[in-house]
Structures are given as structure tokens and as C-alpha cells.
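Student: Below is the file final_23.cif, with mmCIF, C-alpha atoms; chains and numbers go by the auth columns.
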```
data_model
#
loop_
_atom_site.group_PDB
_atom_site.id
_atom_site.type_symbol
_atom_site.label_atom_id
_atom_site.label_comp_id
_atom_site.label_asym_id
_atom_site.label_seq_id
_atom_site.Cartn_x
_atom_site.Cartn_y
_atom_site.Cartn_z
_atom_site.B_iso_or_equiv
_atom_site.auth_seq_id
_atom_site.auth_asym_id
ATOM 1 C CA MET A 1 3.709 19.283 -15.239 0.00 8 A
ATOM 2 C CA LEU A 2 5.619 21.252 -12.665 0.00 9 A
ATOM 3 C CA ASP A 3 7.703 19.289 -10.176 0.00 10 A
ATOM 4 C CA LYS A 4 5.687 20.728 -7.260 0.00 11 A
ATOM 5 C CA ASP A 5 2.415 19.717 -8.948 0.00 12 A
ATOM 6 C CA LEU A 6 3.698 16.167 -9.384 0.00 13 A
ATOM 7 C CA TYR A 7 4.708 16.014 -5.724 0.00 14 A
ATOM 8 C CA ASP A 8 1.359 17.421 -4.569 0.00 15 A
ATOM 9 C CA ARG A 9 -0.647 14.990 -6.719 0.00 16 A
ATOM 10 C CA GLY A 10 1.519 12.129 -5.536 0.00 17 A
ATOM 11 C CA MET A 11 1.152 13.136 -1.909 0.00 18 A
ATOM 12 C CA ALA A 12 -2.634 13.334 -2.241 0.00 19 A
ATOM 13 C CA VAL A 13 -2.814 9.801 -3.645 0.00 20 A
ATOM 14 C CA ARG A 14 -0.253 8.471 -1.184 0.00 21 A
ATOM 15 C CA ARG A 15 -2.306 9.844 1.705 0.00 22 A
ATOM 16 C CA SER A 16 -5.583 8.528 0.290 0.00 23 A
ATOM 17 C CA VAL A 17 -4.176 5.013 -0.123 0.00 24 A
ATOM 18 C CA LEU A 18 -1.869 4.628 2.878 0.00 25 A
ATOM 19 C CA GLY A 19 -3.587 7.025 5.262 0.00 26 A
ATOM 20 C CA ASP A 20 -2.449 10.270 6.802 0.00 27 A
ATOM 21 C CA ALA A 21 -1.060 8.621 9.931 0.00 28 A
ATOM 22 C CA HIS A 22 1.341 6.377 8.003 0.00 29 A
ATOM 23 C CA VAL A 23 2.475 9.130 5.651 0.00 30 A
ATOM 24 C CA ASP A 24 2.947 11.583 8.519 0.00 31 A
ATOM 25 C CA ARG A 25 5.078 9.021 10.401 0.00 32 A
ATOM 26 C CA SER A 26 7.190 8.395 7.293 0.00 33 A
ATOM 27 C CA LEU A 27 7.784 12.084 6.746 0.00 34 A
ATOM 28 C CA GLU A 28 8.473 12.790 10.429 0.00 35 A
ATOM 29 C CA ARG A 29 11.047 9.970 10.583 0.00 36 A
ATOM 30 C CA ALA A 30 12.794 11.126 7.416 0.00 37 A
ATOM 31 C CA THR A 31 16.395 12.116 7.924 0.00 38 A
ATOM 32 C CA ALA A 32 18.903 13.902 5.749 0.00 39 A
ATOM 33 C CA PHE A 33 19.840 10.436 4.482 0.00 40 A
ATOM 34 C CA ASP A 34 16.395 9.351 3.259 0.00 41 A
ATOM 35 C CA ALA A 35 14.413 12.588 2.749 0.00 42 A
ATOM 36 C CA ASP A 36 15.301 12.560 -0.948 0.00 43 A
ATOM 37 C CA PHE A 37 13.973 9.000 -1.185 0.00 44 A
ATOM 38 C CA GLN A 38 10.647 10.074 0.370 0.00 45 A
ATOM 39 C CA GLU A 39 10.380 12.814 -2.254 0.00 46 A
ATOM 40 C CA PHE A 40 11.362 10.366 -5.018 0.00 47 A
ATOM 41 C CA ILE A 41 8.694 7.780 -4.151 0.00 48 A
ATOM 42 C CA THR A 42 6.058 10.469 -3.726 0.00 49 A
ATOM 43 C CA LYS A 43 6.776 11.886 -7.177 0.00 50 A
ATOM 44 C CA THR A 44 7.594 8.686 -9.042 0.00 51 A
ATOM 45 C CA ALA A 45 5.422 5.929 -7.602 0.00 52 A
ATOM 46 C CA TRP A 46 2.511 8.006 -6.345 0.00 53 A
ATOM 47 C CA GLY A 47 2.654 11.057 -8.642 0.00 54 A
ATOM 48 C CA ASN A 48 3.650 9.474 -11.955 0.00 55 A
ATOM 49 C CA ILE A 49 2.175 5.981 -11.706 0.00 56 A
ATOM 50 C CA TRP A 50 -0.718 5.837 -9.234 0.00 57 A
ATOM 51 C CA THR A 51 -2.294 8.961 -10.793 0.00 58 A
ATOM 52 C CA ARG A 52 -2.281 7.647 -14.373 0.00 59 A
ATOM 53 C CA PRO A 53 -5.735 7.339 -15.928 0.00 60 A
ATOM 54 C CA GLY A 54 -5.343 3.802 -17.315 0.00 61 A
ATOM 55 C CA LEU A 55 -6.172 1.963 -14.063 0.00 62 A
ATOM 56 C CA ASP A 56 -8.204 2.992 -11.049 0.00 63 A
ATOM 57 C CA ILE A 57 -6.769 3.033 -7.523 0.00 64 A
ATOM 58 C CA ARG A 58 -8.532 -0.202 -6.560 0.00 65 A
ATOM 59 C CA THR A 59 -7.010 -2.106 -9.493 0.00 66 A
ATOM 60 C CA ARG A 60 -3.566 -0.639 -8.814 0.00 67 A
ATOM 61 C CA SER A 61 -3.905 -1.752 -5.199 0.00 68 A
ATOM 62 C CA MET A 62 -4.711 -5.327 -6.242 0.00 69 A
ATOM 63 C CA LEU A 63 -1.790 -5.447 -8.670 0.00 70 A
ATOM 64 C CA THR A 64 0.542 -4.066 -6.030 0.00 71 A
ATOM 65 C CA ILE A 65 -0.517 -6.737 -3.532 0.00 72 A
ATOM 66 C CA ALA A 66 0.077 -9.474 -6.111 0.00 73 A
ATOM 67 C CA MET A 67 3.528 -8.172 -7.039 0.00 74 A
ATOM 68 C CA LEU A 68 4.625 -7.657 -3.443 0.00 75 A
ATOM 69 C CA ALA A 69 3.480 -11.176 -2.566 0.00 76 A
ATOM 70 C CA ALA A 70 5.412 -12.588 -5.529 0.00 77 A
ATOM 71 C CA LEU A 71 8.529 -10.637 -4.588 0.00 78 A
ATOM 72 C CA GLY A 72 8.296 -11.505 -0.897 0.00 79 A
ATOM 73 C CA LYS A 73 8.400 -7.874 0.221 0.00 80 A
ATOM 74 C CA ASP A 74 6.869 -8.365 3.664 0.00 81 A
ATOM 75 C CA GLY A 75 6.819 -4.814 4.996 0.00 82 A
ATOM 76 C CA GLU A 76 5.354 -3.292 1.870 0.00 83 A
ATOM 77 C CA LEU A 77 2.864 -6.165 1.486 0.00 84 A
ATOM 78 C CA LYS A 78 1.589 -5.653 5.031 0.00 85 A
ATOM 79 C CA LEU A 79 1.309 -1.917 4.390 0.00 86 A
ATOM 80 C CA HIS A 80 -0.728 -2.464 1.232 0.00 87 A
ATOM 81 C CA ILE A 81 -2.945 -5.114 2.852 0.00 88 A
ATOM 82 C CA ARG A 82 -3.749 -2.552 5.541 0.00 89 A
ATOM 83 C CA ALA A 83 -4.355 0.049 2.818 0.00 90 A
ATOM 84 C CA THR A 84 -7.220 -2.032 1.436 0.00 91 A
ATOM 85 C CA ARG A 85 -9.336 -0.173 3.996 0.00 92 A
ATOM 86 C CA ASN A 86 -8.832 2.875 1.800 0.00 93 A
ATOM 87 C CA THR A 87 -8.763 1.307 -1.669 0.00 94 A
ATOM 88 C CA GLY A 88 -11.932 -0.771 -1.454 0.00 95 A
ATOM 89 C CA VAL A 89 -10.225 -4.118 -2.068 0.00 96 A
ATOM 90 C CA THR A 90 -12.079 -6.755 -0.036 0.00 97 A
ATOM 91 C CA ARG A 91 -10.628 -9.592 1.986 0.00 98 A
ATOM 92 C CA ASP A 92 -12.154 -12.070 -0.431 0.00 99 A
ATOM 93 C CA GLU A 93 -10.407 -10.299 -3.296 0.00 100 A
ATOM 94 C CA VAL A 94 -7.088 -10.412 -1.439 0.00 101 A
ATOM 95 C CA LYS A 95 -7.641 -14.128 -0.889 0.00 102 A
ATOM 96 C CA GLU A 96 -8.181 -14.590 -4.650 0.00 103 A
ATOM 97 C CA ILE A 97 -5.139 -12.462 -5.467 0.00 104 A
ATOM 98 C CA LEU A 98 -2.974 -14.644 -3.241 0.00 105 A
ATOM 99 C CA LEU A 99 -4.393 -17.852 -4.733 0.00 106 A
ATOM 100 C CA GLN A 100 -3.512 -16.490 -8.173 0.00 107 A
ATOM 101 C CA ALA A 101 -0.049 -15.591 -6.908 0.00 108 A
ATOM 102 C CA ALA A 102 0.410 -19.180 -5.719 0.00 109 A
ATOM 103 C CA VAL A 103 0.026 -20.434 -9.275 0.00 110 A
ATOM 104 C CA TYR A 104 2.319 -17.901 -10.917 0.00 111 A
ATOM 105 C CA ALA A 105 4.773 -16.936 -8.161 0.00 112 A
ATOM 106 C CA GLY A 106 4.916 -20.199 -6.248 0.00 113 A
ATOM 107 C CA ILE A 107 3.166 -21.747 -3.307 0.00 114 A
ATOM 108 C CA PRO A 108 5.851 -20.822 -0.737 0.00 115 A
ATOM 109 C CA ALA A 109 5.626 -17.131 -1.649 0.00 116 A
ATOM 110 C CA ALA A 110 1.830 -17.148 -1.534 0.00 117 A
ATOM 111 C CA ASN A 111 1.743 -19.206 1.670 0.00 118 A
ATOM 112 C CA HIS A 112 3.952 -16.612 3.350 0.00 119 A
ATOM 113 C CA ALA A 113 1.803 -13.791 1.969 0.00 120 A
ATOM 114 C CA VAL A 114 -1.372 -15.455 3.261 0.00 121 A
ATOM 115 C CA ALA A 115 0.153 -15.694 6.735 0.00 122 A
ATOM 116 C CA LEU A 116 1.169 -12.023 6.622 0.00 123 A
ATOM 117 C CA ALA A 117 -2.275 -10.965 5.404 0.00 124 A
ATOM 118 C CA ARG A 118 -3.994 -13.019 8.106 0.00 125 A
ATOM 119 C CA GLY A 119 -1.831 -11.291 10.730 0.00 126 A
ATOM 120 C CA VAL A 120 -2.625 -7.836 9.363 0.00 127 A
ATOM 121 C CA TYR A 121 -6.347 -8.607 9.287 0.00 128 A
ATOM 122 C CA ASP A 122 -6.164 -9.870 12.891 0.00 129 A
ATOM 123 C CA GLU A 123 -4.539 -6.559 13.887 0.00 130 A
ATOM 124 C CA MET A 124 -7.154 -4.576 11.972 0.00 131 A
ATOM 125 C CA ASP A 125 -9.995 -6.548 13.594 0.00 132 A
ATOM 126 C CA ALA A 126 -8.532 -5.935 17.061 0.00 133 A
ATOM 127 C CA GLU A 127 -8.217 -2.206 16.294 0.00 134 A
ATOM 128 C CA ASP A 128 -11.818 -2.112 15.062 0.00 135 A
ATOM 129 C CA ALA A 129 -13.033 -3.915 18.202 0.00 136 A
ATOM 130 C CA ALA A 130 -11.113 -1.523 20.449 0.00 137 A
ATOM 131 C CA ASN A 131 -12.501 1.476 18.579 0.00 138 A
ATOM 132 C CA SER A 132 -16.055 0.078 18.807 0.00 139 A
ATOM 133 C CA ALA A 133 -15.661 -0.429 22.540 0.00 140 A
ATOM 134 C CA LYS A 134 -14.620 3.204 22.944 0.00 141 A
ATOM 135 C CA GLY A 135 -17.469 4.740 21.109 0.00 142 A
#
```
Written as C-alpha cells, that's how I'd like the structure from this file.
Tutor:
Amino acid sequence: MLDKDLYDRGMAVRRSVLGDAHVDRSLERATAFDADFQEFITKTAWGNIWTRPGLDIRTRSMLTIAMLAALGKDGELKLHIRATRNTGVTRDEVKEILLQAAVYAGIPAANHAVALARGVYDEMDAEDAANSAKG
């Protein structure tokens, strides 16, 4: 596969999961220091891994949430909780993922992840309410 093809496939998946607004902000904020990193994650994470045929996007999303919760990676976890709007992972499924994480990654890690997820869902609900009021 050509390097450009890998980037394009990765960018398509990245946009479908995280949303155009987030990806556009990331690319617009890129500097000479981190532009190569943006290209790297687009090709490697999104182009090489998220496009593989062995797991669908929804399953990859659930696994990512579990791993980020276990690792305590707050920013990325919040991003991927928000991305469930695009991946089809339900709130009940996220709740089950975090319960599973509590057993295998520890209660403190899962407790923190639950609090982060609750905050993200509160933000999403407020956004939805504001959008409903507008239109």
C-alpha cells in the first residue's frame, strides 16, 4: 500500500470515529514540532490498525475505552467516550466495559474512568439539549 493511501484510509477512519471537528482542530493546532506525530498516528493507529478486517470499528472502540481506562489516560479516554456517538457503543456498554476494567485493572482506575465518563456524558447531554432548543 502506498504511504498516501495509508494516510488517506487512516484519515477517513479517524474522522469517522472522532468527528471532523476534533480532527480539524488537531490538524489546525499542529506545529512544526508535532505535525510529524499527527501524520504518524493517522498512518499507524488509524491507517494500519483501525482499518484491519479482524475487528469492526465498534469492537475496536470498546477495546480502546477499556485499555485507556486501565492505563488512566484521561484525555484520550474522554475523547473516545465522546466518540461513542460515532461508533455505536452505548452508555450501557461503556458501563459494562468499566465494570470489567474494575476487575482486571483495579477499582481505583475504573472509579476514575466512571467519573470521567459521567462528566463527558453530562457535557454531551447538555450539548444535545442546547441543540434541541435551537432547532
Student: Determine the residue membership of the PyMOL selection byres ((chain A and resi 25-39) around 12) for the file above and supply it as a PyMOL selection string.
Tutor: chain A and resi 17-24+40-46+48-49+53+64+68+83-94
Student: Quick check on the file I pasted: which residues fall under the PyMOL selection byres ((chain A and resi 106-118) around 7)? Write them as a PDB file with C-alpha atoms, in the coordinates of the input.
Tutor:
```pdb
ATOM      1  CA  ALA A  73       0.077  -9.474  -6.111  1.00  0.00           C
ATOM      2  CA  ALA A  76       3.480 -11.176  -2.566  1.00  0.00           C
ATOM      3  CA  ALA A  77       5.412 -12.588  -5.529  1.00  0.00           C
ATOM      4  CA  GLY A  79       8.296 -11.505  -0.897  1.00  0.00           C
ATOM      5  CA  LYS A 102      -7.641 -14.128  -0.889  1.00  0.00           C
ATOM      6  CA  GLU A 103      -8.181 -14.590  -4.650  1.00  0.00           C
ATOM      7  CA  ILE A 104      -5.139 -12.462  -5.467  1.00  0.00           C
ATOM      8  CA  LEU A 105      -2.974 -14.644  -3.241  1.00  0.00           C
ATOM      9  CA  HIS A 119       3.952 -16.612   3.350  1.00  0.00           C
ATOM     10  CA  ALA A 120       1.803 -13.791   1.969  1.00  0.00           C
ATOM     11  CA  VAL A 121      -1.372 -15.455   3.261  1.00  0.00           C
ATOM     12  CA  ALA A 122       0.153 -15.694   6.735  1.00  0.00           C
TER      13      ALA A 122
END
```
Student: Would you please work out which residue, of A:Ala137, A:Ile56, A:Val96, A:Tyr14, is nearest to Ile72 (chain A) when using only C-alpha atoms?
Tutor: A:Val96
Student: Figure out the distance between CA of Glu100 (chain A) and CA of Ala136 (chain A), please, to one decimal in Å.
Tutor: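 The value is 22.6 Å.
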Student: Of the candidates A:Lys80, A:Leu75, A:Arg98, A:Ser139, which shows the shortest atom-to-atom distance to Arg125 (chain A), using only C-alpha atoms?
Tutor: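 Among the listed residues, the smallest separation from Arg125 (chain A) belongs to A:Arg98.
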Student: Could you state the separation of CA of Asn55 (chain A) and CA of Met74 (chain A) in Å, given to one decimal place?
Tutor: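 It comes out at 18.3 Å.
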Student: Work out how far CA of Ala124 (chain A) is from CA of Leu78 (chain A), in Å to one decimal.
Tutor: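 Result for CA of Leu78 (chain A) versus CA of Ala124 (chain A): 14.7 Å, one decimal.
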Student: Draw an axis-aligned box over all listed atoms of region 31-50 of chain A, pad each side with 5 Å, and write its centre and edge lengths in Å, one decimal, as AutoDock Vina command-line options.
Tutor:
```
--center_x 11.4 --center_y 10.8 --center_z 1.7 --size_x 26.9 --size_y 16.1 --size_z 27.8
```
